[in-house]
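S.K.: File target36.txt follows (compact mmCIF, C-alpha atoms (C1' of nucleotides)):
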# COMPACT_ATOMS: atom_id res chain seq x y z
CA MET A 1 85.94 116.78 118.97
CA LEU A 2 89.06 117.27 121.02
CA LEU A 3 92.19 116.17 119.26
CA ARG A 4 95.29 116.76 121.27
CA LEU A 5 98.49 116.24 119.35
CA PRO A 6 101.80 115.39 121.01
CA SER A 7 103.83 118.42 122.08
CA LYS A 8 106.08 120.21 119.63
CA HIS A 9 109.07 118.90 121.52
CA ILE A 10 107.95 115.28 121.23
CA ILE A 11 107.26 115.63 117.53
CA GLN A 12 110.60 117.29 116.84
CA ALA A 13 112.50 114.55 118.62
CA PHE A 14 110.59 111.94 116.62
CA GLN A 15 111.39 113.74 113.36
CA ARG A 16 115.07 114.19 114.21
CA LYS A 17 115.61 110.55 115.03
CA LEU A 18 113.85 109.32 111.90
CA LEU A 19 115.75 111.69 109.63
CA SER A 20 119.13 110.72 111.05
CA TRP A 21 118.18 107.06 110.57
CA TYR A 22 117.03 107.79 107.02
CA PHE A 23 120.32 109.36 105.94
CA LEU A 24 122.09 106.15 106.91
CA HIS A 25 119.56 103.48 105.98
CA GLY A 26 116.98 105.04 103.63
CA ARG A 27 116.07 103.18 100.45
CA LYS A 28 116.89 104.30 96.92
CA PHE A 29 114.27 103.95 94.18
CA PRO A 30 114.08 105.19 90.58
CA TRP A 31 111.11 107.41 91.42
CA ARG A 32 113.14 109.11 94.14
CA GLU A 33 116.17 109.94 92.02
CA ILE A 34 114.99 113.06 90.27
CA GLN A 35 112.22 115.64 90.35
CA LEU A 36 109.46 113.75 88.54
CA ASP A 37 107.04 115.21 86.04
CA PRO A 38 103.33 114.71 86.81
CA TYR A 39 103.02 111.65 84.59
CA ARG A 40 105.94 109.75 86.13
CA ALA A 41 105.01 110.77 89.64
CA ILE A 42 101.41 109.58 89.30
CA ILE A 43 102.41 106.34 87.58
CA ALA A 44 104.83 105.56 90.39
CA GLU A 45 102.18 106.09 93.05
CA ILE A 46 99.59 103.99 91.23
CA LEU A 47 102.06 101.13 90.84
CA LEU A 48 102.86 101.42 94.55
CA GLN A 49 99.27 100.97 95.70
CA ARG A 50 99.05 97.86 97.86
CA THR A 51 102.35 96.76 96.35
CA LYS A 52 105.79 96.50 97.91
CA ALA A 53 108.17 99.20 96.75
CA GLU A 54 110.85 96.60 96.00
CA THR A 55 108.45 94.82 93.64
CA VAL A 56 107.50 98.06 91.90
CA SER A 57 111.14 98.96 91.34
CA LYS A 58 111.50 95.91 89.10
CA VAL A 59 108.71 97.09 86.79
CA TYR A 60 108.67 100.88 87.00
CA LEU A 61 111.29 101.67 84.34
CA GLU A 62 109.94 99.01 82.01
CA PHE A 63 106.48 100.52 82.36
CA LEU A 64 107.79 103.99 81.47
CA ARG A 65 109.68 102.56 78.51
CA LYS A 66 106.57 100.91 77.10
CA PHE A 67 104.18 103.68 78.13
CA PRO A 68 106.05 107.00 78.21
CA SER A 69 103.01 109.27 78.26
CA TRP A 70 99.27 109.52 78.93
CA LYS A 71 98.77 109.36 75.18
CA SER A 72 100.59 106.05 74.92
CA ILE A 73 98.20 104.59 77.50
CA VAL A 74 95.15 105.89 75.66
CA ASP A 75 96.46 104.42 72.41
CA THR A 76 97.37 100.97 73.71
CA ASP A 77 95.24 97.91 74.02
CA ILE A 78 94.21 97.24 77.59
CA LYS A 79 95.73 93.77 77.33
CA GLN A 80 99.16 95.29 76.74
CA LEU A 81 98.71 97.39 79.84
CA GLU A 82 97.64 94.38 81.87
CA SER A 83 100.62 92.30 80.80
CA VAL A 84 103.09 94.88 82.16
CA LEU A 85 101.13 95.18 85.38
CA THR A 86 100.63 91.46 85.96
CA PRO A 87 103.75 90.94 88.14
CA LEU A 88 102.44 93.60 90.54
CA GLY A 89 98.98 92.17 91.07
CA LEU A 90 95.71 94.13 91.02
CA TYR A 91 96.44 94.37 87.32
CA ARG A 92 92.91 94.44 85.89
CA GLN A 93 91.76 97.24 88.17
CA ARG A 94 94.94 99.21 87.64
CA ALA A 95 94.86 98.80 83.86
CA ARG A 96 91.23 99.90 83.71
CA GLY A 97 91.86 102.80 86.08
CA LEU A 98 94.95 103.96 84.21
CA LYS A 99 93.01 103.96 80.96
CA ALA A 100 90.28 106.10 82.48
CA LEU A 101 92.77 108.47 84.08
CA ALA A 102 94.82 108.79 80.89
CA GLU A 103 91.70 109.66 78.91
CA LYS A 104 90.84 112.41 81.38
CA MET A 105 94.38 113.73 81.25
CA ILE A 106 94.31 113.88 77.47
CA ASP A 107 90.98 115.74 77.67
CA THR A 108 92.69 118.44 79.74
CA LYS A 109 95.84 118.44 77.60
CA GLY A 110 97.83 116.89 80.42
CA ILE A 111 97.04 119.65 82.88
CA LEU A 112 96.17 118.56 86.41
CA PRO A 113 93.43 120.42 88.29
CA GLN A 114 95.17 122.88 90.59
CA ASN A 115 93.01 122.35 93.65
CA ARG A 116 92.50 119.27 95.75
CA ASP A 117 88.73 118.90 95.36
CA GLU A 118 88.87 118.83 91.58
CA LEU A 119 91.96 116.65 91.67
CA MET A 120 90.09 114.03 93.64
CA GLN A 121 87.40 113.80 90.96
CA LEU A 122 89.92 112.02 88.72
CA PRO A 123 89.86 108.23 88.36
CA MET A 124 92.20 106.41 90.78
CA MET A 125 92.70 109.66 92.69
CA GLY A 126 91.96 108.84 96.31
CA GLN A 127 93.20 110.57 99.40
CA TYR A 128 96.62 108.96 99.39
CA LEU A 129 97.36 109.77 95.76
CA ALA A 130 96.07 113.33 96.14
CA ASN A 131 98.44 113.79 99.07
CA ALA A 132 101.28 112.40 96.96
CA VAL A 133 100.51 114.90 94.19
CA GLU A 134 100.52 117.74 96.70
CA LEU A 135 103.79 116.54 98.19
CA VAL A 136 105.77 115.58 95.11
CA LEU A 137 104.41 118.00 92.50
CA TRP A 138 103.14 120.96 94.50
CA ASN A 139 105.77 121.06 97.23
CA LYS A 140 103.24 120.94 100.03
CA PRO A 141 104.03 119.16 103.32
CA SER A 142 101.34 116.51 102.86
CA PRO A 143 101.64 113.07 104.46
CA LEU A 144 101.95 109.84 102.46
CA LEU A 145 99.55 108.32 104.94
CA ASP A 146 99.43 104.63 104.10
CA VAL A 147 99.35 101.46 106.18
CA ASN A 148 103.06 101.80 106.95
CA MET A 149 102.91 105.34 108.28
CA ALA A 150 99.70 104.53 110.13
CA ARG A 151 101.25 101.48 111.80
CA LEU A 152 104.34 103.38 112.97
CA LEU A 153 102.35 106.32 114.35
CA GLU A 154 99.83 104.08 116.05
CA ARG A 155 102.50 102.00 117.73
CA TYR A 156 104.57 104.94 118.88
CA PHE A 157 101.74 107.26 119.90
CA LYS A 158 98.33 105.68 120.13
CA LYS A 159 95.84 103.69 118.11
CA ARG A 160 93.27 105.21 115.85
CA LYS A 161 89.56 105.02 116.54
CA LEU A 162 88.21 104.39 113.05
CA ALA A 163 88.79 101.33 110.92
CA ASP A 164 89.58 103.29 107.76
CA ILE A 165 92.84 105.26 107.80
CA ARG A 166 91.37 107.78 105.37
CA HIS A 167 88.55 108.78 107.69
CA ASP A 168 90.45 108.94 110.96
CA PRO A 169 90.91 112.60 111.93
CA TYR A 170 93.51 111.71 114.56
CA LEU A 171 95.81 109.99 112.05
CA GLN A 172 95.24 112.79 109.52
CA LYS A 173 96.25 115.49 111.99
CA LEU A 174 99.13 113.56 113.51
CA SER A 175 100.68 112.52 110.19
CA SER A 176 100.39 116.09 108.90
CA ALA A 177 102.21 117.37 111.97
CA ILE A 178 104.94 114.77 111.60
CA VAL A 179 105.80 115.64 108.00
CA ASN A 180 105.32 119.39 108.41
CA THR A 181 109.02 120.17 108.02
CA PRO A 182 111.11 122.13 105.48
CA ASN A 183 112.04 118.83 103.84
CA ALA A 184 108.66 117.13 103.90
CA LEU A 185 109.59 114.80 101.05
CA GLU A 186 112.50 113.22 102.90
CA MET A 187 110.54 113.20 106.13
CA ASN A 188 107.81 111.17 104.41
CA TRP A 189 110.33 108.75 102.93
CA ALA A 190 112.01 108.41 106.30
CA VAL A 191 108.72 107.37 107.90
CA LEU A 192 107.84 104.94 105.12
CA ASP A 193 111.30 103.35 105.04
CA PHE A 194 111.53 103.06 108.79
CA ALA A 195 108.09 101.46 108.93
CA ALA A 196 108.94 99.06 106.11
CA LEU A 197 112.39 98.04 107.42
CA VAL A 198 112.22 98.36 111.22
CA CYS A 199 108.66 98.93 112.43
CA LYS A 200 107.41 96.05 110.28
CA ALA A 201 103.92 94.64 110.44
CA VAL A 202 105.30 91.18 111.19
CA LYS A 203 108.28 90.77 113.51
CA PRO A 204 109.13 94.44 114.12
CA GLU A 205 112.77 95.00 115.11
CA CYS A 206 111.93 96.58 118.44
CA GLU A 207 115.19 95.58 120.12
CA ILE A 208 117.32 97.60 117.71
CA CYS A 209 114.77 100.37 117.19
CA ILE A 210 116.07 103.89 117.84
CA LEU A 211 112.61 104.97 118.95
CA ASN A 212 111.89 102.16 121.38
CA GLU A 213 112.49 103.98 124.67
CA ASP A 214 109.57 106.31 123.99
CA CYS A 215 107.41 103.85 122.05
CA LYS A 216 104.10 102.86 123.57
CA TYR A 217 104.03 99.56 121.68
CA TYR A 218 107.52 98.58 122.87
CA LYS A 219 106.82 99.54 126.47
CA ASN A 220 103.72 97.37 126.48
CA SER A 221 105.53 94.45 124.90
CA VAL A 222 108.22 94.62 127.57
CA LYS A 223 105.64 94.89 130.33
CA ASP A 224 103.84 91.79 129.07
CA LYS A 225 106.88 89.60 129.69
C1' DT B 1 99.10 82.20 105.45
C1' DT B 2 99.90 86.99 105.95
C1' DC B 3 101.10 91.23 104.14
C1' DC B 4 101.99 94.92 100.78
C1' DA B 5 103.27 103.53 99.22
C1' DG B 6 94.61 102.06 98.04
C1' DC B 7 90.69 102.56 95.50
C1' DA B 8 85.98 101.73 93.75
C1' DC B 9 81.84 99.91 94.57
C1' DT B 10 78.09 98.35 97.57
C1' DA C 1 81.63 100.02 107.09
C1' DG C 2 82.69 95.98 104.46
C1' DT C 3 84.66 93.72 100.48
C1' DG C 4 87.15 92.43 96.08
C1' DC C 5 91.13 93.06 93.73
C1' DA C 6 96.05 89.83 92.78
C1' DG C 7 100.81 88.41 92.26
C1' DG C 8 105.00 87.79 94.96
C1' DA C 9 107.78 87.50 99.07
C1' DA C 10 108.43 86.21 103.86
Would you encode the structure as structure tokens?

M.R.:
Amino acid sequence: MLLRLPSKHIIQAFQRKLLSWYFLHGRKFPWREIQLDPYRAIIAEILLQRTKAETVSKVYLEFLRKFPSWKSIVDTDIKQLESVLTPLGLYRQRARGLKALAEKMIDTKGILPQNRDELMQLPMMGQYLANAVELVLWNKPSPLLDVNMARLLERYFKKRKLADIRHDPYLQKLSSAIVNTPNALEMNWAVLDFAALVCKAVKPECEICILNEDCKYYKNSVKDK
DNA sequence: TTCCAGCACT
DNA sequence: AGTGCAGGAA
């Protein structure tokens, strides 16, 4: 399978523009303020699944106040867990999953498996969350490859072949190349924020977009007029 | 009505 | 590969 990535020059220009945008317009969230411990980092990512970051920011600190540790989740009634999660949606699945994950974590005395394959055996631990653990806790340049990052990359470069982001080798490779920088954490946040605020799913702000002159999606939209 | 820092189950 | 989950905002 031939997978040709964009040239180093193209990727560097893309990274530079996004980072300079990020330092002016990037979003601030509680889970970005400090170096998080594994518990807080994983909780943040689970709350963020299929949920707008702005919505999560209203609940995140309250969740940590009520459930400050894996143990507190094991000890609580699932209904208590659900009631905190209700404003976010997906609350039954998340409550059940968090319970299962917390029980595993207590089994291992709070120690995460140190390799990716074992990590992904944990409840709720899919490809996205495993990447987040690598990025945030293990300092690896892994991509937070979600619908936002996928949308931006697909518009700017080219569309994926497979329906599922997680199984598309092109998006995997491309996103890894994009965030493979000394400051992978900020590079990831830059992509996510830019995709959420400018390269939006509905009504993208192409006219003010700093990437538009090289963007395949924008060029096509102009051509269509 | 669509969309959102996905995952588990079929 | 397809689908359910789910409340809230645009």

S.K.: Counting all atoms listed in the file, what is within 9 Å of range 197-212 of chain A, bar same-chain residues fewer than 2 positions away, as a list in words?

M.R.: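 Final neighbour list, sorted by chain and number: Phe14, Lys17, Leu18, Trp21, Asn148, Arg151, Leu152, Arg155, Tyr156, Leu192, Asp193, Phe194, Ala195, Asp214, Cys215, Lys216, Tyr217, Tyr218 and Lys219 of chain A; DT2 and DC3 of chain B.
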
S.K.: Per residue of chain C within 8 Å of chain A, note the shortest atom pair and the distance in Å to one decimal, counting all atoms listed in the file, and order the rows by chain and increasing residue number, as JSON lines.

M.R.:
{"residue": "C:DC5", "atom": "C1'", "partner": "A:Leu90", "partner_atom": "CA", "distance": 5.4}
{"residue": "C:DA6", "atom": "C1'", "partner": "A:Gly89", "partner_atom": "CA", "distance": 4.1}
{"residue": "C:DG7", "atom": "C1'", "partner": "A:Gly89", "partner_atom": "CA", "distance": 4.3}
{"residue": "C:DG8", "atom": "C1'", "partner": "A:Pro87", "partner_atom": "CA", "distance": 7.6}

S.K.: Residues near Leu19 in chain A, anyone? I mean within 12 Å using only C-alpha atoms (C1' of nucleotides), not counting same-chain ones fewer than 5 positions away, as a CSV table (one decimal) with C-alpha atoms, keeping the file's coordinate frame.

M.R.:
chain,number,residue,atom,x,y,z
A,12,GLN,CA,110.6,117.3,116.8
A,13,ALA,CA,112.5,114.6,118.6
A,14,PHE,CA,110.6,111.9,116.6
A,24,LEU,CA,122.1,106.2,106.9
A,25,HIS,CA,119.6,103.5,106.0
A,26,GLY,CA,117.0,105.0,103.6
A,178,ILE,CA,104.9,114.8,111.6
A,179,VAL,CA,105.8,115.6,108.0
A,181,THR,CA,109.0,120.2,108.0
A,183,ASN,CA,112.0,118.8,103.8
A,184,ALA,CA,108.7,117.1,103.9
A,185,LEU,CA,109.6,114.8,101.0
A,186,GLU,CA,112.5,113.2,102.9
A,187,MET,CA,110.5,113.2,106.1
A,188,ASN,CA,107.8,111.2,104.4
A,189,TRP,CA,110.3,108.8,102.9
A,190,ALA,CA,112.0,108.4,106.3
A,191,VAL,CA,108.7,107.4,107.9
A,192,LEU,CA,107.8,104.9,105.1
A,193,ASP,CA,111.3,103.4,105.0
A,194,PHE,CA,111.5,103.1,108.8
A,210,ILE,CA,116.1,103.9,117.8
A,211,LEU,CA,112.6,105.0,119.0

S.K.: To one decimal in Å, tell me the separation between CA of Leu98 in chain A and CA of Glu62 in chain A.

M.R.: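 Distance reported for this atom pair: 15.9 Å.
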
S.K.: Ranking A:Met105, A:Ile11, A:Ile73, A:Ile42 by minimum distance to chain B and counting all atoms listed in the file, which one comes first?

M.R.: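 With all atoms listed in the file as the atom set, the closest residue is A:Ile42.
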
S.K.: What lies within 10 Å of Leu64 in chain A using all atoms listed in the file, ignoring chain neighbours under 5 positions off, as a PyMOL selection string?

M.R.: chain A and resi 39-40+43-44+59+69+72

S.K.: Pick out the residues sitting within 12 Å of Leu129 in chain A, and hand them over as a PDB file with C-alpha atoms (C1' of nucleotides), in the coordinates of the input; count all atoms listed in the file, and ignore anything fewer than 5 positions along from it in its own chain.

M.R.:
ATOM      1  CA  PRO A  38     103.330 114.710  86.810  1.00  0.00           C
ATOM      2  CA  ALA A  41     105.010 110.770  89.640  1.00  0.00           C
ATOM      3  CA  ILE A  42     101.410 109.580  89.300  1.00  0.00           C
ATOM      4  CA  ILE A  43     102.410 106.340  87.580  1.00  0.00           C
ATOM      5  CA  ALA A  44     104.830 105.560  90.390  1.00  0.00           C
ATOM      6  CA  GLU A  45     102.180 106.090  93.050  1.00  0.00           C
ATOM      7  CA  ILE A  46      99.590 103.990  91.230  1.00  0.00           C
ATOM      8  CA  LEU A  47     102.060 101.130  90.840  1.00  0.00           C
ATOM      9  CA  LEU A  48     102.860 101.420  94.550  1.00  0.00           C
ATOM     10  CA  GLN A  49      99.270 100.970  95.700  1.00  0.00           C
ATOM     11  CA  ARG A 116      92.500 119.270  95.750  1.00  0.00           C
ATOM     12  CA  LEU A 119      91.960 116.650  91.670  1.00  0.00           C
ATOM     13  CA  MET A 120      90.090 114.030  93.640  1.00  0.00           C
ATOM     14  CA  GLN A 121      87.400 113.800  90.960  1.00  0.00           C
ATOM     15  CA  LEU A 122      89.920 112.020  88.720  1.00  0.00           C
ATOM     16  CA  PRO A 123      89.860 108.230  88.360  1.00  0.00           C
ATOM     17  CA  MET A 124      92.200 106.410  90.780  1.00  0.00           C
ATOM     18  CA  GLU A 134     100.520 117.740  96.700  1.00  0.00           C
ATOM     19  CA  LEU A 135     103.790 116.540  98.190  1.00  0.00           C
ATOM     20  CA  VAL A 136     105.770 115.580  95.110  1.00  0.00           C
ATOM     21  CA  LEU A 137     104.410 118.000  92.500  1.00  0.00           C
ATOM     22  CA  SER A 142     101.340 116.510 102.860  1.00  0.00           C
ATOM     23  CA  PRO A 143     101.640 113.070 104.460  1.00  0.00           C
ATOM     24  CA  LEU A 144     101.950 109.840 102.460  1.00  0.00           C
ATOM     25  CA  LEU A 145      99.550 108.320 104.940  1.00  0.00           C
ATOM     26  CA  ASP A 146      99.430 104.630 104.100  1.00  0.00           C
ATOM     27  CA  ARG A 166      91.370 107.780 105.370  1.00  0.00           C
TER      28      ARG A 166
ATOM     29  C1'  DA B   5     103.270 103.530  99.220  1.00  0.00           C
ATOM     30  C1'  DG B   6      94.610 102.060  98.040  1.00  0.00           C
ATOM     31  C1'  DC B   7      90.690 102.560  95.500  1.00  0.00           C
TER      32       DC B   7
END

S.K.: So how many Å separate CA of Ala53 in chain A and CA of Ser176 in chain A, to one decimal?

M.R.: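 Computing the Euclidean distance for CA of Ala53 in chain A and CA of Ser176 in chain A yields 22.2 Å.
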
S.K.: Quote the spacing between CA of Ala130 in chain A and CA of Ser175 in chain A in Å to one decimal place.

M.R.: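 Computing it gives 14.8 Å between the two atoms.
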
S.K.: Write out as a ChimeraX atom specification which residues come within 12 Å of DT3 in chain C when counting all atoms listed in the file, dropping same-chain ones fewer than 5 positions away.

M.R.: /B:7-10

S.K.: Nearest to DA1 in chain C: which of A:Arg32, A:His167, A:Lys173, A:Lys158 is it, counting all atoms listed in the file?

M.R.: A:His167

S.K.: Go through A:Asp107, A:Phe63, A:Phe157, A:Ile165 and flag the residue nearest chain B, using all atoms listed in the file for the distances.

M.R.: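 Going through A:Asp107, A:Phe63, A:Phe157, A:Ile165 one by one, the smallest distance to chain B is for A:Ile165.
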
S.K.: Can you fill out range 74-108 of chain A with N, CA and C atoms and hand it back as a PDB file, keeping the file's coordinate frame?

M.R.:
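See out.pdb below for the written result:
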ATOM      1  N   VAL A  74      96.417 105.792  76.376  1.00  0.00           N
ATOM      2  CA  VAL A  74      95.150 105.890  75.660  1.00  0.00           C
ATOM      3  C   VAL A  74      95.196 105.053  74.378  1.00  0.00           C
ATOM      4  N   ASP A  75      96.341 105.083  73.712  1.00  0.00           N
ATOM      5  CA  ASP A  75      96.460 104.420  72.410  1.00  0.00           C
ATOM      6  C   ASP A  75      96.639 102.913  72.497  1.00  0.00           C
ATOM      7  N   THR A  76      97.046 102.400  73.637  1.00  0.00           N
ATOM      8  CA  THR A  76      97.370 100.970  73.710  1.00  0.00           C
ATOM      9  C   THR A  76      96.132 100.134  73.994  1.00  0.00           C
ATOM     10  N   ASP A  77      96.272  98.879  73.661  1.00  0.00           N
ATOM     11  CA  ASP A  77      95.240  97.910  74.020  1.00  0.00           C
ATOM     12  C   ASP A  77      95.346  97.610  75.513  1.00  0.00           C
ATOM     13  N   ILE A  78      94.199  97.453  76.147  1.00  0.00           N
ATOM     14  CA  ILE A  78      94.210  97.240  77.590  1.00  0.00           C
ATOM     15  C   ILE A  78      94.970  95.974  77.969  1.00  0.00           C
ATOM     16  N   LYS A  79      94.999  95.014  77.054  1.00  0.00           N
ATOM     17  CA  LYS A  79      95.730  93.770  77.330  1.00  0.00           C
ATOM     18  C   LYS A  79      97.235  94.015  77.452  1.00  0.00           C
ATOM     19  N   GLN A  80      97.741  94.940  76.654  1.00  0.00           N
ATOM     20  CA  GLN A  80      99.160  95.290  76.740  1.00  0.00           C
ATOM     21  C   GLN A  80      99.470  95.911  78.101  1.00  0.00           C
ATOM     22  N   LEU A  81      98.566  96.747  78.544  1.00  0.00           N
ATOM     23  CA  LEU A  81      98.710  97.390  79.840  1.00  0.00           C
ATOM     24  C   LEU A  81      98.706  96.338  80.952  1.00  0.00           C
ATOM     25  N   GLU A  82      97.763  95.431  80.852  1.00  0.00           N
ATOM     26  CA  GLU A  82      97.640  94.380  81.870  1.00  0.00           C
ATOM     27  C   GLU A  82      98.883  93.512  81.947  1.00  0.00           C
ATOM     28  N   SER A  83      99.469  93.222  80.800  1.00  0.00           N
ATOM     29  CA  SER A  83     100.620  92.300  80.800  1.00  0.00           C
ATOM     30  C   SER A  83     101.815  92.912  81.523  1.00  0.00           C
ATOM     31  N   VAL A  84     101.989  94.234  81.425  1.00  0.00           N
ATOM     32  CA  VAL A  84     103.090  94.880  82.160  1.00  0.00           C
ATOM     33  C   VAL A  84     102.792  94.928  83.648  1.00  0.00           C
ATOM     34  N   LEU A  85     101.519  95.034  83.977  1.00  0.00           N
ATOM     35  CA  LEU A  85     101.130  95.180  85.380  1.00  0.00           C
ATOM     36  C   LEU A  85     100.976  93.850  86.110  1.00  0.00           C
ATOM     37  N   THR A  86     100.899  92.766  85.357  1.00  0.00           N
ATOM     38  CA  THR A  86     100.630  91.460  85.960  1.00  0.00           C
ATOM     39  C   THR A  86     101.547  91.112  87.131  1.00  0.00           C
ATOM     40  N   PRO A  87     102.876  91.330  87.019  1.00  0.00           N
ATOM     41  CA  PRO A  87     103.750  90.940  88.140  1.00  0.00           C
ATOM     42  C   PRO A  87     103.440  91.695  89.439  1.00  0.00           C
ATOM     43  N   LEU A  88     102.721  92.797  89.348  1.00  0.00           N
ATOM     44  CA  LEU A  88     102.440  93.600  90.540  1.00  0.00           C
ATOM     45  C   LEU A  88     101.159  93.178  91.247  1.00  0.00           C
ATOM     46  N   GLY A  89     100.296  92.454  90.523  1.00  0.00           N
ATOM     47  CA  GLY A  89      98.980  92.170  91.070  1.00  0.00           C
ATOM     48  C   GLY A  89      98.028  93.332  90.867  1.00  0.00           C
ATOM     49  N   LEU A  90      96.753  93.110  91.209  1.00  0.00           N
ATOM     50  CA  LEU A  90      95.710  94.130  91.020  1.00  0.00           C
ATOM     51  C   LEU A  90      95.729  94.676  89.605  1.00  0.00           C
ATOM     52  N   TYR A  91      96.093  93.842  88.642  1.00  0.00           N
ATOM     53  CA  TYR A  91      96.440  94.370  87.320  1.00  0.00           C
ATOM     54  C   TYR A  91      95.223  94.764  86.490  1.00  0.00           C
ATOM     55  N   ARG A  92      94.095  94.056  86.677  1.00  0.00           N
ATOM     56  CA  ARG A  92      92.910  94.440  85.890  1.00  0.00           C
ATOM     57  C   ARG A  92      92.369  95.789  86.332  1.00  0.00           C
ATOM     58  N   GLN A  93      92.248  95.956  87.655  1.00  0.00           N
ATOM     59  CA  GLN A  93      91.760  97.240  88.170  1.00  0.00           C
ATOM     60  C   GLN A  93      92.685  98.383  87.768  1.00  0.00           C
ATOM     61  N   ARG A  94      93.998  98.124  87.918  1.00  0.00           N
ATOM     62  CA  ARG A  94      94.940  99.210  87.640  1.00  0.00           C
ATOM     63  C   ARG A  94      94.958  99.555  86.159  1.00  0.00           C
ATOM     64  N   ALA A  95      94.864  98.539  85.302  1.00  0.00           N
ATOM     65  CA  ALA A  95      94.860  98.800  83.860  1.00  0.00           C
ATOM     66  C   ALA A  95      93.613  99.611  83.478  1.00  0.00           C
ATOM     67  N   ARG A  96      92.482  99.199  84.002  1.00  0.00           N
ATOM     68  CA  ARG A  96      91.230  99.900  83.710  1.00  0.00           C
ATOM     69  C   ARG A  96      91.279 101.336  84.242  1.00  0.00           C
ATOM     70  N   GLY A  97      91.763 101.480  85.467  1.00  0.00           N
ATOM     71  CA  GLY A  97      91.860 102.800  86.080  1.00  0.00           C
ATOM     72  C   GLY A  97      92.827 103.721  85.342  1.00  0.00           C
ATOM     73  N   LEU A  98      93.959 103.157  84.936  1.00  0.00           N
ATOM     74  CA  LEU A  98      94.950 103.960  84.210  1.00  0.00           C
ATOM     75  C   LEU A  98      94.403 104.445  82.878  1.00  0.00           C
ATOM     76  N   LYS A  99      93.660 103.564  82.217  1.00  0.00           N
ATOM     77  CA  LYS A  99      93.010 103.960  80.960  1.00  0.00           C
ATOM     78  C   LYS A  99      92.094 105.155  81.195  1.00  0.00           C
ATOM     79  N   ALA A 100      91.246 105.029  82.187  1.00  0.00           N
ATOM     80  CA  ALA A 100      90.280 106.100  82.480  1.00  0.00           C
ATOM     81  C   ALA A 100      90.988 107.398  82.850  1.00  0.00           C
ATOM     82  N   LEU A 101      92.024 107.277  83.669  1.00  0.00           N
ATOM     83  CA  LEU A 101      92.770 108.470  84.080  1.00  0.00           C
ATOM     84  C   LEU A 101      93.476 109.103  82.881  1.00  0.00           C
ATOM     85  N   ALA A 102      94.092 108.275  82.059  1.00  0.00           N
ATOM     86  CA  ALA A 102      94.820 108.790  80.890  1.00  0.00           C
ATOM     87  C   ALA A 102      93.878 109.533  79.950  1.00  0.00           C
ATOM     88  N   GLU A 103      92.666 108.993  79.787  1.00  0.00           N
ATOM     89  CA  GLU A 103      91.700 109.660  78.910  1.00  0.00           C
ATOM     90  C   GLU A 103      91.322 111.038  79.449  1.00  0.00           C
ATOM     91  N   LYS A 104      91.111 111.111  80.759  1.00  0.00           N
ATOM     92  CA  LYS A 104      90.840 112.410  81.380  1.00  0.00           C
ATOM     93  C   LYS A 104      91.997 113.385  81.185  1.00  0.00           C
ATOM     94  N   MET A 105      93.206 112.865  81.355  1.00  0.00           N
ATOM     95  CA  MET A 105      94.380 113.730  81.250  1.00  0.00           C
ATOM     96  C   MET A 105      94.566 114.251  79.826  1.00  0.00           C
ATOM     97  N   ILE A 106      94.232 113.409  78.853  1.00  0.00           N
ATOM     98  CA  ILE A 106      94.310 113.880  77.470  1.00  0.00           C
ATOM     99  C   ILE A 106      93.239 114.935  77.210  1.00  0.00           C
ATOM    100  N   ASP A 107      92.055 114.739  77.796  1.00  0.00           N
ATOM    101  CA  ASP A 107      90.980 115.740  77.670  1.00  0.00           C
ATOM    102  C   ASP A 107      91.446 117.118  78.116  1.00  0.00           C
ATOM    103  N   THR A 108      92.245 117.145  79.189  1.00  0.00           N
ATOM    104  CA  THR A 108      92.690 118.440  79.740  1.00  0.00           C
ATOM    105  C   THR A 108      94.091 118.803  79.269  1.00  0.00           C
TER     106      THR A 108
END
